[in-house]
Amino acid sequence: MQKTITAMLLLASLIHLLPVSGVIGAERLSSLYGVAINDPNLQILMRHRAVLFGLLGLFLAYAAFEPDLQPVAILAGLVSVISFLLIAWSVGGYNEAIRKVFIADLVALVALCIAAGLFWFTRTPR
(Lines give C-alpha, C1' and ligand atoms only; values in the text may rest on other atoms or scores of the structure.)
Protein backbone atom coordinates (compact mmCIF):
# COMPACT_ATOMS: atom_id res chain seq x y z
CA MET A 1 0.00 0.00 0.00
CA GLN A 2 2.88 2.35 0.71
CA LYS A 3 3.99 2.02 -2.92
CA THR A 4 0.52 3.10 -4.07
CA ILE A 5 0.59 6.10 -1.72
CA THR A 6 4.00 7.02 -3.11
CA ALA A 7 2.74 6.66 -6.69
CA MET A 8 -0.36 8.80 -6.02
CA LEU A 9 1.73 11.53 -4.40
CA LEU A 10 4.16 11.47 -7.32
CA LEU A 11 1.26 11.82 -9.75
CA ALA A 12 -0.10 14.80 -7.81
CA SER A 13 3.44 16.19 -7.71
CA LEU A 14 3.82 15.92 -11.48
CA ILE A 15 0.52 17.72 -12.04
CA HIS A 16 1.63 20.53 -9.71
CA LEU A 17 5.03 20.77 -11.41
CA LEU A 18 3.64 21.17 -14.95
CA PRO A 19 2.91 24.92 -14.60
CA VAL A 20 6.42 25.69 -13.31
CA SER A 21 7.56 26.46 -16.84
CA GLY A 22 5.36 29.56 -16.60
CA VAL A 23 8.07 31.20 -14.52
CA ILE A 24 9.97 31.72 -17.80
CA GLY A 25 7.63 34.49 -18.88
CA ALA A 26 4.40 35.72 -20.39
CA GLU A 27 4.61 33.69 -23.61
CA ARG A 28 4.84 30.41 -21.72
CA LEU A 29 2.03 31.44 -19.37
CA SER A 30 -0.13 32.32 -22.37
CA SER A 31 0.44 28.90 -23.89
CA LEU A 32 -0.29 27.17 -20.57
CA TYR A 33 -3.54 28.97 -19.85
CA GLY A 34 -4.72 30.24 -23.23
CA VAL A 35 -4.88 33.85 -22.12
CA ALA A 36 -2.82 36.90 -22.99
CA ILE A 37 -0.59 38.02 -20.14
CA ASN A 38 -0.01 41.61 -21.28
CA ASP A 39 -0.21 43.40 -17.95
CA PRO A 40 3.10 43.38 -16.03
CA ASN A 41 1.24 43.04 -12.73
CA LEU A 42 -0.59 39.97 -13.95
CA GLN A 43 2.69 38.54 -15.27
CA ILE A 44 4.30 39.02 -11.85
CA LEU A 45 1.40 37.28 -10.10
CA MET A 46 1.24 34.40 -12.57
CA ARG A 47 4.99 33.82 -12.57
CA HIS A 48 4.96 33.82 -8.78
CA ARG A 49 2.06 31.33 -8.93
CA ALA A 50 4.30 29.09 -11.05
CA VAL A 51 6.99 29.22 -8.35
CA LEU A 52 4.47 28.33 -5.65
CA PHE A 53 3.22 25.38 -7.68
CA GLY A 54 6.83 24.28 -8.02
CA LEU A 55 7.31 24.38 -4.27
CA LEU A 56 4.13 22.39 -3.65
CA GLY A 57 5.06 19.91 -6.39
CA LEU A 58 8.52 19.38 -4.90
CA PHE A 59 7.03 18.97 -1.42
CA LEU A 60 4.58 16.36 -2.70
CA ALA A 61 7.44 14.49 -4.39
CA TYR A 62 9.59 14.60 -1.26
CA ALA A 63 6.71 13.51 0.96
CA ALA A 64 6.05 10.58 -1.35
CA PHE A 65 9.15 9.00 0.18
CA GLU A 66 8.75 10.39 3.72
CA PRO A 67 5.67 8.85 5.36
CA ASP A 68 5.79 11.27 8.31
CA LEU A 69 5.20 14.18 5.90
CA GLN A 70 2.48 12.50 3.87
CA PRO A 71 -0.54 13.76 5.85
CA VAL A 72 0.58 17.38 5.50
CA ALA A 73 1.43 16.93 1.83
CA ILE A 74 -1.91 15.28 1.10
CA LEU A 75 -3.74 18.09 2.89
CA ALA A 76 -1.78 20.79 1.04
CA GLY A 77 -2.42 19.08 -2.29
CA LEU A 78 -6.12 18.72 -1.53
CA VAL A 79 -6.43 22.39 -0.59
CA SER A 80 -4.72 23.32 -3.86
CA VAL A 81 -6.82 21.20 -6.19
CA ILE A 82 -10.15 21.60 -4.42
CA SER A 83 -9.79 25.38 -4.28
CA PHE A 84 -9.02 25.55 -8.01
CA LEU A 85 -11.86 23.20 -8.90
CA LEU A 86 -14.36 25.15 -6.80
CA ILE A 87 -13.24 28.51 -8.17
CA ALA A 88 -13.31 27.31 -11.78
CA TRP A 89 -16.71 25.68 -11.28
CA SER A 90 -18.20 28.76 -9.58
CA VAL A 91 -16.87 31.20 -12.19
CA GLY A 92 -17.45 29.01 -15.25
CA GLY A 93 -16.95 30.12 -18.84
CA TYR A 94 -13.31 29.08 -18.92
CA ASN A 95 -11.37 28.35 -22.09
CA GLU A 96 -10.04 25.04 -23.42
CA ALA A 97 -6.64 25.44 -21.74
CA ILE A 98 -8.25 26.01 -18.34
CA ARG A 99 -10.54 23.02 -19.00
CA LYS A 100 -7.39 20.90 -19.34
CA VAL A 101 -6.12 22.26 -16.02
CA PHE A 102 -9.52 21.45 -14.51
CA ILE A 103 -9.27 17.85 -15.75
CA ALA A 104 -5.68 17.54 -14.50
CA ASP A 105 -6.79 18.76 -11.09
CA LEU A 106 -9.61 16.20 -11.08
CA VAL A 107 -6.96 13.53 -11.68
CA ALA A 108 -4.84 14.99 -8.87
CA LEU A 109 -7.91 15.03 -6.60
CA VAL A 110 -8.54 11.33 -7.22
CA ALA A 111 -4.85 10.51 -6.64
CA LEU A 112 -4.76 12.49 -3.40
CA CYS A 113 -8.00 10.91 -2.17
CA ILE A 114 -6.58 7.45 -2.86
CA ALA A 115 -3.37 8.40 -1.04
CA ALA A 116 -5.36 9.81 1.90
CA GLY A 117 -7.57 6.74 2.13
CA LEU A 118 -4.68 4.33 1.99
CA PHE A 119 -2.64 6.37 4.46
CA TRP A 120 -5.54 6.41 6.91
CA PHE A 121 -6.27 2.71 6.34
CA THR A 122 -2.67 1.63 6.93
CA ARG A 123 -2.32 3.76 10.08
CA THR A 124 -5.63 2.80 11.71
CA PRO A 125 -5.28 0.10 14.39
CA ARG A 126 -7.30 -3.04 13.72
# chains A, B, ... in the order shown; residues from 1 in each chain; ligands from 1
>>> residues_around(residues="range 32-45 of chain A", least_positions_apart="5", cutoff="9 Å", atoms="only C-alpha atoms", output="list in words")
Pro19, Ser21, Gly22, Gly25, Ala26, Glu27, Ala50, Asn95, Glu96, Ala97, Ile98, Lys100 and Val101 of chain A
>>> residues_around(residues="Gly57 in chain A", least_positions_apart="3", cutoff="10 Å", atoms="only C-alpha atoms", output="PyMOL selection string")
chain A and resi 9-20+51-54+60-63+73+77
>>> residues_around(residues="range 115-121 of chain A", least_positions_apart="4", cutoff="10 Å", atoms="only C-alpha atoms", output="PDB file with N, CA and C atoms, in the first residue's frame")
ATOM      1  N   MET A   1       0.814  -1.201   0.000  1.00  0.00           N
ATOM      2  CA  MET A   1       0.000   0.000   0.000  1.00  0.00           C
ATOM      3  C   MET A   1       0.854   1.260   0.000  1.00  0.00           C
ATOM      4  N   GLN A   2       2.012   1.179   0.675  1.00  0.00           N
ATOM      5  CA  GLN A   2       2.882   2.355   0.708  1.00  0.00           C
ATOM      6  C   GLN A   2       3.351   2.733  -0.703  1.00  0.00           C
ATOM      7  N   LYS A   3       3.574   1.731  -1.548  1.00  0.00           N
ATOM      8  CA  LYS A   3       3.986   2.019  -2.924  1.00  0.00           C
ATOM      9  C   LYS A   3       2.880   2.750  -3.682  1.00  0.00           C
ATOM     10  N   THR A   4       1.642   2.410  -3.414  1.00  0.00           N
ATOM     11  CA  THR A   4       0.524   3.095  -4.070  1.00  0.00           C
ATOM     12  C   THR A   4       0.420   4.528  -3.566  1.00  0.00           C
ATOM     13  N   ILE A   5       0.596   4.735  -2.266  1.00  0.00           N
ATOM     14  CA  ILE A   5       0.588   6.097  -1.722  1.00  0.00           C
ATOM     15  C   ILE A   5       1.689   6.911  -2.384  1.00  0.00           C
ATOM     16  N   THR A   6       2.869   6.337  -2.460  1.00  0.00           N
ATOM     17  CA  THR A   6       3.997   7.025  -3.108  1.00  0.00           C
ATOM     18  C   THR A   6       3.660   7.370  -4.555  1.00  0.00           C
ATOM     19  N   ALA A   7       3.095   6.419  -5.282  1.00  0.00           N
ATOM     20  CA  ALA A   7       2.744   6.662  -6.689  1.00  0.00           C
ATOM     21  C   ALA A   7       1.696   7.769  -6.822  1.00  0.00           C
ATOM     22  N   MET A   8       0.701   7.776  -5.954  1.00  0.00           N
ATOM     23  CA  MET A   8      -0.356   8.798  -6.019  1.00  0.00           C
ATOM     24  C   MET A   8       0.199  10.181  -5.689  1.00  0.00           C
ATOM     25  N   LEU A   9       1.097  10.240  -4.718  1.00  0.00           N
ATOM     26  CA  LEU A   9       1.726  11.530  -4.398  1.00  0.00           C
ATOM     27  C   LEU A   9       2.626  12.003  -5.535  1.00  0.00           C
ATOM     28  N   ALA A  12       0.338  13.458  -8.210  1.00  0.00           N
ATOM     29  CA  ALA A  12      -0.100  14.799  -7.812  1.00  0.00           C
ATOM     30  C   ALA A  12       1.055  15.793  -7.921  1.00  0.00           C
ATOM     31  N   ALA A  64       6.356  11.905  -0.821  1.00  0.00           N
ATOM     32  CA  ALA A  64       6.048  10.579  -1.353  1.00  0.00           C
ATOM     33  C   ALA A  64       6.959   9.521  -0.755  1.00  0.00           C
ATOM     34  N   PRO A  67       7.017   9.075   4.826  1.00  0.00           N
ATOM     35  CA  PRO A  67       5.666   8.848   5.362  1.00  0.00           C
ATOM     36  C   PRO A  67       5.229   9.822   6.450  1.00  0.00           C
ATOM     37  N   GLN A  70       3.572  12.767   4.803  1.00  0.00           N
ATOM     38  CA  GLN A  70       2.480  12.500   3.866  1.00  0.00           C
ATOM     39  C   GLN A  70       1.142  13.122   4.260  1.00  0.00           C
ATOM     40  N   PRO A  71       0.743  13.123   5.531  1.00  0.00           N
ATOM     41  CA  PRO A  71      -0.541  13.757   5.846  1.00  0.00           C
ATOM     42  C   PRO A  71      -0.564  15.249   5.505  1.00  0.00           C
ATOM     43  N   ALA A  73       1.352  16.792   3.282  1.00  0.00           N
ATOM     44  CA  ALA A  73       1.429  16.925   1.826  1.00  0.00           C
ATOM     45  C   ALA A  73       0.073  16.642   1.179  1.00  0.00           C
ATOM     46  N   ILE A  74      -0.591  15.616   1.643  1.00  0.00           N
ATOM     47  CA  ILE A  74      -1.911  15.284   1.099  1.00  0.00           C
ATOM     48  C   ILE A  74      -2.870  16.440   1.356  1.00  0.00           C
ATOM     49  N   LEU A  75      -2.862  16.970   2.568  1.00  0.00           N
ATOM     50  CA  LEU A  75      -3.743  18.092   2.895  1.00  0.00           C
ATOM     51  C   LEU A  75      -3.436  19.313   2.025  1.00  0.00           C
ATOM     52  N   LEU A  78      -4.655  18.653  -1.470  1.00  0.00           N
ATOM     53  CA  LEU A  78      -6.118  18.723  -1.533  1.00  0.00           C
ATOM     54  C   LEU A  78      -6.621  20.156  -1.493  1.00  0.00           C
ATOM     55  N   LEU A 109      -6.974  15.221  -7.711  1.00  0.00           N
ATOM     56  CA  LEU A 109      -7.905  15.025  -6.599  1.00  0.00           C
ATOM     57  C   LEU A 109      -8.122  13.537  -6.328  1.00  0.00           C
ATOM     58  N   VAL A 110      -8.346  12.784  -7.377  1.00  0.00           N
ATOM     59  CA  VAL A 110      -8.537  11.335  -7.215  1.00  0.00           C
ATOM     60  C   VAL A 110      -7.275  10.701  -6.618  1.00  0.00           C
ATOM     61  N   ALA A 111      -6.116  11.065  -7.145  1.00  0.00           N
ATOM     62  CA  ALA A 111      -4.851  10.510  -6.644  1.00  0.00           C
ATOM     63  C   ALA A 111      -4.661  10.839  -5.170  1.00  0.00           C
ATOM     64  N   PRO A 125      -5.415   1.401  13.711  1.00  0.00           N
ATOM     65  CA  PRO A 125      -5.280   0.100  14.391  1.00  0.00           C
ATOM     66  C   PRO A 125      -6.478  -0.806  14.116  1.00  0.00           C
ATOM     67  N   ARG A 126      -6.223  -2.065  14.002  1.00  0.00           N
ATOM     68  CA  ARG A 126      -7.299  -3.039  13.721  1.00  0.00           C
ATOM     69  C   ARG A 126      -7.585  -3.848  14.960  1.00  0.00           C
TER      70      ARG A 126
END
>>> closest_residue(among="A:Ile24, A:Met46, A:Leu112, A:Leu56", to="Ile82 in chain A", atoms="only C-alpha atoms")
A:Leu112
>>> residues_around(residues="Val81 in chain A", least_positions_apart="5", cutoff="8 Å", atoms="only C-alpha atoms", output="list in words")
Asp105, Leu106, Ala108 and Leu109 of chain A
>>> write_last_selection(atoms="all heavy atoms", output="PDB file, in the first residue's frame")
ATOM      1  N   ASP A 105      -6.545  18.652 -12.522  1.00  0.00           N
ATOM      2  CA  ASP A 105      -6.791  18.761 -11.091  1.00  0.00           C
ATOM      3  C   ASP A 105      -7.791  17.713 -10.601  1.00  0.00           C
ATOM      4  O   ASP A 105      -7.706  17.263  -9.454  1.00  0.00           O
ATOM      5  CB  ASP A 105      -7.235  20.176 -10.720  1.00  0.00           C
ATOM      6  CG  ASP A 105      -6.045  21.092 -10.460  1.00  0.00           C
ATOM      7  OD1 ASP A 105      -4.927  20.759 -10.888  1.00  0.00           O
ATOM      8  OD2 ASP A 105      -6.240  22.150  -9.814  1.00  0.00           O
ATOM      9  N   LEU A 106      -8.724  17.310 -11.450  1.00  0.00           N
ATOM     10  CA  LEU A 106      -9.607  16.199 -11.082  1.00  0.00           C
ATOM     11  C   LEU A 106      -8.787  14.917 -10.898  1.00  0.00           C
ATOM     12  O   LEU A 106      -9.021  14.151  -9.957  1.00  0.00           O
ATOM     13  CB  LEU A 106     -10.690  15.986 -12.135  1.00  0.00           C
ATOM     14  CG  LEU A 106     -11.851  16.965 -12.143  1.00  0.00           C
ATOM     15  CD1 LEU A 106     -12.764  16.694 -13.342  1.00  0.00           C
ATOM     16  CD2 LEU A 106     -12.643  16.905 -10.848  1.00  0.00           C
ATOM     17  N   ALA A 108      -5.603  14.807 -10.103  1.00  0.00           N
ATOM     18  CA  ALA A 108      -4.840  14.992  -8.867  1.00  0.00           C
ATOM     19  C   ALA A 108      -5.724  14.768  -7.643  1.00  0.00           C
ATOM     20  O   ALA A 108      -5.282  14.174  -6.653  1.00  0.00           O
ATOM     21  CB  ALA A 108      -4.219  16.389  -8.827  1.00  0.00           C
ATOM     22  N   LEU A 109      -6.974  15.221  -7.711  1.00  0.00           N
ATOM     23  CA  LEU A 109      -7.905  15.025  -6.599  1.00  0.00           C
ATOM     24  C   LEU A 109      -8.122  13.537  -6.328  1.00  0.00           C
ATOM     25  O   LEU A 109      -8.068  13.091  -5.179  1.00  0.00           O
ATOM     26  CB  LEU A 109      -9.239  15.720  -6.896  1.00  0.00           C
ATOM     27  CG  LEU A 109     -10.345  15.529  -5.857  1.00  0.00           C
ATOM     28  CD1 LEU A 109      -9.938  16.112  -4.514  1.00  0.00           C
ATOM     29  CD2 LEU A 109     -11.635  16.170  -6.361  1.00  0.00           C
TER      30      LEU A 109
END
>>> atom_distance(atom1="CA of Leu69 in chain A", atom2="CA of Ala104 in chain A")
23.4 Å
>>> select_by_dssp(residues="chain A", states="alpha helix (DSSP H)", output="ChimeraX atom specification")
/A:2-17,26-33,40-63,70-91,96-123
>>> decode(residues="range 56-71 of chain A", atoms="all heavy atoms", output="PDB file, in the first residue's frame")
ATOM      1  N   LEU A  56       5.084  23.409  -4.077  1.00  0.00           N
ATOM      2  CA  LEU A  56       4.130  22.386  -3.654  1.00  0.00           C
ATOM      3  C   LEU A  56       4.422  21.062  -4.359  1.00  0.00           C
ATOM      4  O   LEU A  56       4.391  19.996  -3.734  1.00  0.00           O
ATOM      5  CB  LEU A  56       2.692  22.839  -3.916  1.00  0.00           C
ATOM      6  CG  LEU A  56       1.596  21.857  -3.504  1.00  0.00           C
ATOM      7  CD1 LEU A  56       1.732  21.431  -2.041  1.00  0.00           C
ATOM      8  CD2 LEU A  56       0.229  22.469  -3.766  1.00  0.00           C
ATOM      9  N   GLY A  57       4.730  21.129  -5.646  1.00  0.00           N
ATOM     10  CA  GLY A  57       5.059  19.908  -6.388  1.00  0.00           C
ATOM     11  C   GLY A  57       6.282  19.203  -5.828  1.00  0.00           C
ATOM     12  O   GLY A  57       6.293  17.976  -5.681  1.00  0.00           O
ATOM     13  N   LEU A  58       7.310  19.977  -5.490  1.00  0.00           N
ATOM     14  CA  LEU A  58       8.516  19.378  -4.903  1.00  0.00           C
ATOM     15  C   LEU A  58       8.226  18.797  -3.522  1.00  0.00           C
ATOM     16  O   LEU A  58       8.733  17.719  -3.175  1.00  0.00           O
ATOM     17  CB  LEU A  58       9.634  20.416  -4.819  1.00  0.00           C
ATOM     18  CG  LEU A  58      10.244  20.823  -6.155  1.00  0.00           C
ATOM     19  CD1 LEU A  58      11.239  21.967  -5.960  1.00  0.00           C
ATOM     20  CD2 LEU A  58      10.902  19.639  -6.838  1.00  0.00           C
ATOM     21  N   PHE A  59       7.392  19.494  -2.746  1.00  0.00           N
ATOM     22  CA  PHE A  59       7.028  18.971  -1.423  1.00  0.00           C
ATOM     23  C   PHE A  59       6.257  17.660  -1.547  1.00  0.00           C
ATOM     24  O   PHE A  59       6.514  16.705  -0.809  1.00  0.00           O
ATOM     25  CB  PHE A  59       6.230  20.011  -0.633  1.00  0.00           C
ATOM     26  CG  PHE A  59       5.796  19.522   0.719  1.00  0.00           C
ATOM     27  CD1 PHE A  59       6.729  19.093   1.654  1.00  0.00           C
ATOM     28  CD2 PHE A  59       4.461  19.484   1.061  1.00  0.00           C
ATOM     29  CE1 PHE A  59       6.334  18.624   2.910  1.00  0.00           C
ATOM     30  CE2 PHE A  59       4.057  19.028   2.306  1.00  0.00           C
ATOM     31  CZ  PHE A  59       4.994  18.601   3.235  1.00  0.00           C
ATOM     32  N   LEU A  60       5.320  17.604  -2.479  1.00  0.00           N
ATOM     33  CA  LEU A  60       4.577  16.362  -2.702  1.00  0.00           C
ATOM     34  C   LEU A  60       5.517  15.225  -3.102  1.00  0.00           C
ATOM     35  O   LEU A  60       5.372  14.093  -2.630  1.00  0.00           O
ATOM     36  CB  LEU A  60       3.499  16.566  -3.763  1.00  0.00           C
ATOM     37  CG  LEU A  60       2.277  17.372  -3.330  1.00  0.00           C
ATOM     38  CD1 LEU A  60       1.504  17.868  -4.553  1.00  0.00           C
ATOM     39  CD2 LEU A  60       1.385  16.547  -2.427  1.00  0.00           C
ATOM     40  N   ALA A  61       6.479  15.518  -3.962  1.00  0.00           N
ATOM     41  CA  ALA A  61       7.442  14.490  -4.391  1.00  0.00           C
ATOM     42  C   ALA A  61       8.305  14.031  -3.222  1.00  0.00           C
ATOM     43  O   ALA A  61       8.544  12.827  -3.053  1.00  0.00           O
ATOM     44  CB  ALA A  61       8.313  15.029  -5.526  1.00  0.00           C
ATOM     45  N   TYR A  62       8.769  14.959  -2.423  1.00  0.00           N
ATOM     46  CA  TYR A  62       9.593  14.601  -1.264  1.00  0.00           C
ATOM     47  C   TYR A  62       8.787  13.770  -0.270  1.00  0.00           C
ATOM     48  O   TYR A  62       9.255  12.745   0.223  1.00  0.00           O
ATOM     49  CB  TYR A  62      10.143  15.871  -0.601  1.00  0.00           C
ATOM     50  CG  TYR A  62      11.056  15.598   0.552  1.00  0.00           C
ATOM     51  CD1 TYR A  62      12.340  15.102   0.343  1.00  0.00           C
ATOM     52  CD2 TYR A  62      10.643  15.830   1.859  1.00  0.00           C
ATOM     53  CE1 TYR A  62      13.188  14.841   1.407  1.00  0.00           C
ATOM     54  CE2 TYR A  62      11.483  15.571   2.933  1.00  0.00           C
ATOM     55  CZ  TYR A  62      12.755  15.079   2.700  1.00  0.00           C
ATOM     56  OH  TYR A  62      13.591  14.816   3.756  1.00  0.00           O
ATOM     57  N   ALA A  63       7.563  14.215   0.001  1.00  0.00           N
ATOM     58  CA  ALA A  63       6.708  13.513   0.961  1.00  0.00           C
ATOM     59  C   ALA A  63       6.326  12.119   0.473  1.00  0.00           C
ATOM     60  O   ALA A  63       6.023  11.245   1.285  1.00  0.00           O
ATOM     61  CB  ALA A  63       5.453  14.333   1.244  1.00  0.00           C
ATOM     62  N   ALA A  64       6.356  11.905  -0.821  1.00  0.00           N
ATOM     63  CA  ALA A  64       6.048  10.579  -1.353  1.00  0.00           C
ATOM     64  C   ALA A  64       6.959   9.521  -0.755  1.00  0.00           C
ATOM     65  O   ALA A  64       6.571   8.360  -0.614  1.00  0.00           O
ATOM     66  CB  ALA A  64       6.169  10.584  -2.879  1.00  0.00           C
ATOM     67  N   PHE A  65       8.169   9.928  -0.364  1.00  0.00           N
ATOM     68  CA  PHE A  65       9.152   8.999   0.184  1.00  0.00           C
ATOM     69  C   PHE A  65       9.398   9.204   1.681  1.00  0.00           C
ATOM     70  O   PHE A  65      10.284   8.561   2.248  1.00  0.00           O
ATOM     71  CB  PHE A  65      10.467   9.122  -0.592  1.00  0.00           C
ATOM     72  CG  PHE A  65      10.282   8.850  -2.054  1.00  0.00           C
ATOM     73  CD1 PHE A  65      10.168   9.889  -2.961  1.00  0.00           C
ATOM     74  CD2 PHE A  65      10.170   7.548  -2.521  1.00  0.00           C
ATOM     75  CE1 PHE A  65       9.974   9.643  -4.318  1.00  0.00           C
ATOM     76  CE2 PHE A  65       9.972   7.292  -3.874  1.00  0.00           C
ATOM     77  CZ  PHE A  65       9.878   8.340  -4.768  1.00  0.00           C
ATOM     78  N   GLU A  66       8.639  10.104   2.284  1.00  0.00           N
ATOM     79  CA  GLU A  66       8.753  10.395   3.722  1.00  0.00           C
ATOM     80  C   GLU A  66       7.382  10.262   4.374  1.00  0.00           C
ATOM     81  O   GLU A  66       6.628  11.246   4.450  1.00  0.00           O
ATOM     82  CB  GLU A  66       9.303  11.815   3.943  1.00  0.00           C
ATOM     83  CG  GLU A  66      10.730  12.011   3.502  1.00  0.00           C
ATOM     84  CD  GLU A  66      11.720  11.273   4.380  1.00  0.00           C
ATOM     85  OE1 GLU A  66      11.418  11.025   5.570  1.00  0.00           O
ATOM     86  OE2 GLU A  66      12.801  10.941   3.884  1.00  0.00           O
ATOM     87  N   PRO A  67       7.017   9.075   4.826  1.00  0.00           N
ATOM     88  CA  PRO A  67       5.666   8.848   5.362  1.00  0.00           C
ATOM     89  C   PRO A  67       5.229   9.822   6.450  1.00  0.00           C
ATOM     90  O   PRO A  67       4.052  10.140   6.544  1.00  0.00           O
ATOM     91  CB  PRO A  67       5.728   7.410   5.891  1.00  0.00           C
ATOM     92  CG  PRO A  67       6.760   6.761   5.024  1.00  0.00           C
ATOM     93  CD  PRO A  67       7.793   7.834   4.785  1.00  0.00           C
ATOM     94  N   ASP A  68       6.166  10.323   7.254  1.00  0.00           N
ATOM     95  CA  ASP A  68       5.785  11.274   8.306  1.00  0.00           C
ATOM     96  C   ASP A  68       5.246  12.585   7.738  1.00  0.00           C
ATOM     97  O   ASP A  68       4.480  13.278   8.399  1.00  0.00           O
ATOM     98  CB  ASP A  68       6.972  11.574   9.227  1.00  0.00           C
ATOM     99  CG  ASP A  68       7.355  10.385  10.101  1.00  0.00           C
ATOM    100  OD1 ASP A  68       6.525   9.460  10.243  1.00  0.00           O
ATOM    101  OD2 ASP A  68       8.472  10.381  10.638  1.00  0.00           O
ATOM    102  N   LEU A  69       5.649  12.932   6.525  1.00  0.00           N
ATOM    103  CA  LEU A  69       5.200  14.179   5.896  1.00  0.00           C
ATOM    104  C   LEU A  69       3.952  13.990   5.032  1.00  0.00           C
ATOM    105  O   LEU A  69       3.357  14.962   4.584  1.00  0.00           O
ATOM    106  CB  LEU A  69       6.321  14.762   5.039  1.00  0.00           C
ATOM    107  CG  LEU A  69       7.563  15.221   5.778  1.00  0.00           C
ATOM    108  CD1 LEU A  69       8.626  15.684   4.789  1.00  0.00           C
ATOM    109  CD2 LEU A  69       7.235  16.312   6.774  1.00  0.00           C
ATOM    110  N   GLN A  70       3.572  12.767   4.803  1.00  0.00           N
ATOM    111  CA  GLN A  70       2.480  12.500   3.866  1.00  0.00           C
ATOM    112  C   GLN A  70       1.142  13.122   4.260  1.00  0.00           C
ATOM    113  O   GLN A  70       0.460  13.678   3.394  1.00  0.00           O
ATOM    114  CB  GLN A  70       2.356  11.004   3.606  1.00  0.00           C
ATOM    115  CG  GLN A  70       3.531  10.506   2.785  1.00  0.00           C
ATOM    116  CD  GLN A  70       3.580   9.010   2.601  1.00  0.00           C
ATOM    117  OE1 GLN A  70       2.799   8.262   3.197  1.00  0.00           O
ATOM    118  NE2 GLN A  70       4.516   8.557   1.775  1.00  0.00           N
ATOM    119  N   PRO A  71       0.743  13.123   5.531  1.00  0.00           N
ATOM    120  CA  PRO A  71      -0.541  13.757   5.846  1.00  0.00           C
ATOM    121  C   PRO A  71      -0.564  15.249   5.505  1.00  0.00           C
ATOM    122  O   PRO A  71      -1.547  15.756   4.953  1.00  0.00           O
ATOM    123  CB  PRO A  71      -0.708  13.538   7.351  1.00  0.00           C
ATOM    124  CG  PRO A  71       0.195  12.420   7.697  1.00  0.00           C
ATOM    125  CD  PRO A  71       1.317  12.458   6.701  1.00  0.00           C
TER     126      PRO A  71
END
